[in-house]
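Below is one structure, written out as structure tokens, with a few remarks after it.
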Amino acid sequence: MKRRRLSTEFDDASASPGLLLWRVTNAWQSAQRHALAPFELTHVQFVLLASLTWLEADEPVTQADLAEHAGTDRMMTSQVLRTLEEKGLVVRAPHPRDARARALSATDAGADLANRANAAVEATDRAFFGRLGDDAGAFSDALRRLDGRT
């Protein structure tokens, strides 16, 4: 057997949790891209639009609030919001209590699109994660521990 040139603690590459997470993430993202294609949204556009639509029920949403909720970089969030605004899906208005911030809101068209796309995304999740069967709840619990925010 040929000696591996990579110094690693793993005898089998598929024993690496990082590599497994990479592979699963790529497969899941591919499924989500396919589900979102009819809505002409990238996955990050969907996540930010859906997150904004979710958060709006509370109080005015700032870009920082949205980035925190979605777990996205603030600069990238700003760029994606600009695109969503150009598509007529998001509005940035003066914030009622913070003159330095903008209050974000989904337009009616944006909220409608977020809801229609969310149905497709959740169906894709059910199909993808359905392979876990009764282990799905434990898997979600493990992901929450890794997320570290909940």
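We label chains A, B, ... in the order they appear in the structure tokens, count residues from 1 in each chain, and number ligands from 1 in the order shown.
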Inset, instruction - Find the spatial neighbours of Asp65 of chain A, counting only C-alpha atoms, within a cut-off of 10 Å - ignore same-chain residues fewer than 4 positions away - and output them as a PyMOL selection string. - result: chain A and resi 51-52+55+60-61+69-71+74+104
Inset, instruction - Quick one: pick out all strand (DSSP E or B) residues within chain A from a backbone DSSP run and write them as a list in words. - result: Val61, Val90, Val91, Arg92, Ala93, Pro94, Arg102, Ala103, Leu104, Ser105 and Ala106 of chain A
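Around segment 19-26 of chain A, within 10 Å and counting only C-alpha atoms, the residues found are Ala13, Gln32 and Phe128 of chain A, once anything fewer than 6 positions away on its own chain is removed.
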Same residues, C-alpha atoms, output as a compact mmCIF listing (two decimals), in the first residue's frame:
# COMPACT_ATOMS: atom_id res chain seq x y z
CA ALA A 13 -10.71 10.36 5.07
CA GLN A 32 -31.06 24.39 -2.15
CA PHE A 128 -32.54 15.94 2.36
Legend entry - Selected residue of minimal separation from Arg102 of chain A among A:Leu48, A:His43, A:Ala64, A:Ala114, counting only C-alpha atoms: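 So, comparing all the options, the nearest one is A:Ala64.
Of the listed residues (A:Trp54, A:Ala111, A:Ala27, A:Phe10), A:Ala27 comes nearest to Asp125 of chain A; the distances count only C-alpha atoms.
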Inset, instruction - For atom CA of Leu89 of chain A and atom CA of Arg149 of chain A, quote the distance in Å rounded to one decimal. - result: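 Calculated distance between atom CA of Leu89 of chain A and atom CA of Arg149 of chain A is 28.2 Å.
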Inset, instruction - Go through segment 64-103 of chain A and collect every residue that DSSP, computed from the backbone, puts in helix (DSSP H, G or I); the answer should be as a list in words. - result: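 After running DSSP on the backbone, segment 64-103 of chain A has helix (DSSP H, G or I) at Ala64, Asp65, Leu66, Ala67, Glu68, His69, Ala70, Arg74, Met75, Met76, Thr77, Ser78, Gln79, Val80, Leu81, Arg82, Thr83, Leu84, Glu85 and Glu86 of chain A.
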Inset, instruction - Go ahead and compute the interatomic distance for atom CA of Arg92 of chain A and atom CA of Ala67 of chain A, in Å to one decimal. - result: 14.7 Å
Inset, instruction - Find the residues around segment 115-119 of chain A up to 9 Å (only C-alpha atoms counted), leave out those fewer than 2 positions away in its own chain, and share them as a list in words. - result: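 So the residues in contact are Ala35, Leu36, Pro38, Phe39, Leu41, Phe46, Ala50, Thr53, Gly110, Ala111, Asp112, Leu113, Val121, Glu122, Ala123 and Thr124 of chain A.
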Could you please take those selected residues and save N, CA, C and O atoms as a PDB file, in the first residue's frame?
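Dumped everything to result_39.pdb:
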ATOM      1  N   ALA A  35     -33.627  24.199  -5.660  1.00  0.00           N
ATOM      2  CA  ALA A  35     -34.953  24.578  -5.168  1.00  0.00           C
ATOM      3  C   ALA A  35     -35.228  26.069  -5.361  1.00  0.00           C
ATOM      4  O   ALA A  35     -36.368  26.467  -5.612  1.00  0.00           O
ATOM      5  N   LEU A  36     -34.193  26.895  -5.255  1.00  0.00           N
ATOM      6  CA  LEU A  36     -34.361  28.353  -5.330  1.00  0.00           C
ATOM      7  C   LEU A  36     -34.287  28.905  -6.753  1.00  0.00           C
ATOM      8  O   LEU A  36     -34.687  30.050  -6.989  1.00  0.00           O
ATOM      9  N   PRO A  38     -36.108  28.515  -9.462  1.00  0.00           N
ATOM     10  CA  PRO A  38     -37.337  29.077 -10.041  1.00  0.00           C
ATOM     11  C   PRO A  38     -37.713  30.446  -9.472  1.00  0.00           C
ATOM     12  O   PRO A  38     -38.478  31.188 -10.097  1.00  0.00           O
ATOM     13  N   PHE A  39     -37.181  30.787  -8.318  1.00  0.00           N
ATOM     14  CA  PHE A  39     -37.500  32.060  -7.672  1.00  0.00           C
ATOM     15  C   PHE A  39     -36.475  33.148  -8.001  1.00  0.00           C
ATOM     16  O   PHE A  39     -36.598  34.275  -7.537  1.00  0.00           O
ATOM     17  N   LEU A  41     -33.476  33.482  -6.930  1.00  0.00           N
ATOM     18  CA  LEU A  41     -32.768  33.908  -5.720  1.00  0.00           C
ATOM     19  C   LEU A  41     -31.565  33.015  -5.499  1.00  0.00           C
ATOM     20  O   LEU A  41     -31.651  31.798  -5.676  1.00  0.00           O
ATOM     21  N   PHE A  46     -31.945  34.444  -0.445  1.00  0.00           N
ATOM     22  CA  PHE A  46     -33.100  33.843   0.224  1.00  0.00           C
ATOM     23  C   PHE A  46     -32.966  33.942   1.740  1.00  0.00           C
ATOM     24  O   PHE A  46     -33.908  34.337   2.431  1.00  0.00           O
ATOM     25  N   ALA A  50     -35.675  35.928   3.816  1.00  0.00           N
ATOM     26  CA  ALA A  50     -36.507  35.165   4.754  1.00  0.00           C
ATOM     27  C   ALA A  50     -36.242  35.613   6.192  1.00  0.00           C
ATOM     28  O   ALA A  50     -37.185  35.756   6.988  1.00  0.00           O
ATOM     29  N   THR A  53     -37.971  38.921   6.729  1.00  0.00           N
ATOM     30  CA  THR A  53     -39.417  38.714   6.828  1.00  0.00           C
ATOM     31  C   THR A  53     -39.774  38.131   8.190  1.00  0.00           C
ATOM     32  O   THR A  53     -40.778  38.512   8.798  1.00  0.00           O
ATOM     33  N   GLY A 110     -41.580  41.153  -1.745  1.00  0.00           N
ATOM     34  CA  GLY A 110     -40.482  40.446  -1.095  1.00  0.00           C
ATOM     35  C   GLY A 110     -40.971  39.428  -0.083  1.00  0.00           C
ATOM     36  O   GLY A 110     -40.482  38.295  -0.028  1.00  0.00           O
ATOM     37  N   ALA A 111     -41.954  39.810   0.725  1.00  0.00           N
ATOM     38  CA  ALA A 111     -42.509  38.881   1.716  1.00  0.00           C
ATOM     39  C   ALA A 111     -43.216  37.717   1.033  1.00  0.00           C
ATOM     40  O   ALA A 111     -43.097  36.561   1.456  1.00  0.00           O
ATOM     41  N   ASP A 112     -43.932  38.014  -0.046  1.00  0.00           N
ATOM     42  CA  ASP A 112     -44.602  36.954  -0.798  1.00  0.00           C
ATOM     43  C   ASP A 112     -43.573  35.982  -1.379  1.00  0.00           C
ATOM     44  O   ASP A 112     -43.738  34.759  -1.268  1.00  0.00           O
ATOM     45  N   LEU A 113     -42.519  36.530  -1.975  1.00  0.00           N
ATOM     46  CA  LEU A 113     -41.475  35.678  -2.546  1.00  0.00           C
ATOM     47  C   LEU A 113     -40.777  34.876  -1.458  1.00  0.00           C
ATOM     48  O   LEU A 113     -40.513  33.680  -1.631  1.00  0.00           O
ATOM     49  N   VAL A 121     -37.790  25.590   0.065  1.00  0.00           N
ATOM     50  CA  VAL A 121     -36.592  25.309   0.868  1.00  0.00           C
ATOM     51  C   VAL A 121     -36.911  24.288   1.961  1.00  0.00           C
ATOM     52  O   VAL A 121     -36.151  23.336   2.184  1.00  0.00           O
ATOM     53  N   GLU A 122     -38.038  24.465   2.639  1.00  0.00           N
ATOM     54  CA  GLU A 122     -38.391  23.523   3.700  1.00  0.00           C
ATOM     55  C   GLU A 122     -38.714  22.144   3.137  1.00  0.00           C
ATOM     56  O   GLU A 122     -38.378  21.129   3.756  1.00  0.00           O
ATOM     57  N   ALA A 123     -39.309  22.073   1.958  1.00  0.00           N
ATOM     58  CA  ALA A 123     -39.551  20.771   1.318  1.00  0.00           C
ATOM     59  C   ALA A 123     -38.224  20.101   0.969  1.00  0.00           C
ATOM     60  O   ALA A 123     -38.061  18.886   1.143  1.00  0.00           O
ATOM     61  N   THR A 124     -37.274  20.898   0.496  1.00  0.00           N
ATOM     62  CA  THR A 124     -35.948  20.364   0.175  1.00  0.00           C
ATOM     63  C   THR A 124     -35.261  19.864   1.441  1.00  0.00           C
ATOM     64  O   THR A 124     -34.641  18.796   1.439  1.00  0.00           O
TER      65      THR A 124
END
Inset, instruction - Using atom CA of Pro94 of chain A and atom CA of Val44 of chain A as the two end points, give the distance in Å to one decimal. - result: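 Taking atom CA of Pro94 of chain A and atom CA of Val44 of chain A, their separation equals 24.3 Å.
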Inset, instruction - Excluding Glu85 of chain A and any residue of its chain fewer than 5 positions from it, enumerate the residues within 10 Å of it, using only C-alpha atoms, and give them as a list of chain:residue names. - result: A:Gln79, A:Val80, A:Val90, A:Val91, A:Arg92, A:Leu104, A:Ser105, A:Ala106, A:Thr107, A:Gly110
How would the residues just picked look written out with C-alpha atoms as a JSON list (two decimals), in the first residue's frame?
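Contents of result-v2.json, as written:
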[["chain", "number", "residue", "atom", "x", "y", "z"],
["A", 79, "GLN", "CA", -24.11, 44.06, -0.82],
["A", 80, "VAL", "CA", -26.86, 41.45, -0.95],
["A", 90, "VAL", "CA", -36.46, 45.17, 0.25],
["A", 91, "VAL", "CA", -36.78, 48.80, 1.34],
["A", 92, "ARG", "CA", -34.32, 50.75, 3.50],
["A", 104, "LEU", "CA", -35.08, 47.39, 6.71],
["A", 105, "SER", "CA", -38.34, 45.88, 5.58],
["A", 106, "ALA", "CA", -39.45, 43.42, 2.96],
["A", 107, "THR", "CA", -41.84, 44.82, 0.39],
["A", 110, "GLY", "CA", -40.48, 40.45, -1.09]]
Inset, instruction - Identify which of the residues A:Arg5, A:Asp141, A:Asp98, A:Phe129 lies closest to Trp28 of chain A, counting only C-alpha atoms when measuring atom-to-atom distances. - result: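 Closest to Trp28 of chain A of all the choices is A:Phe129.
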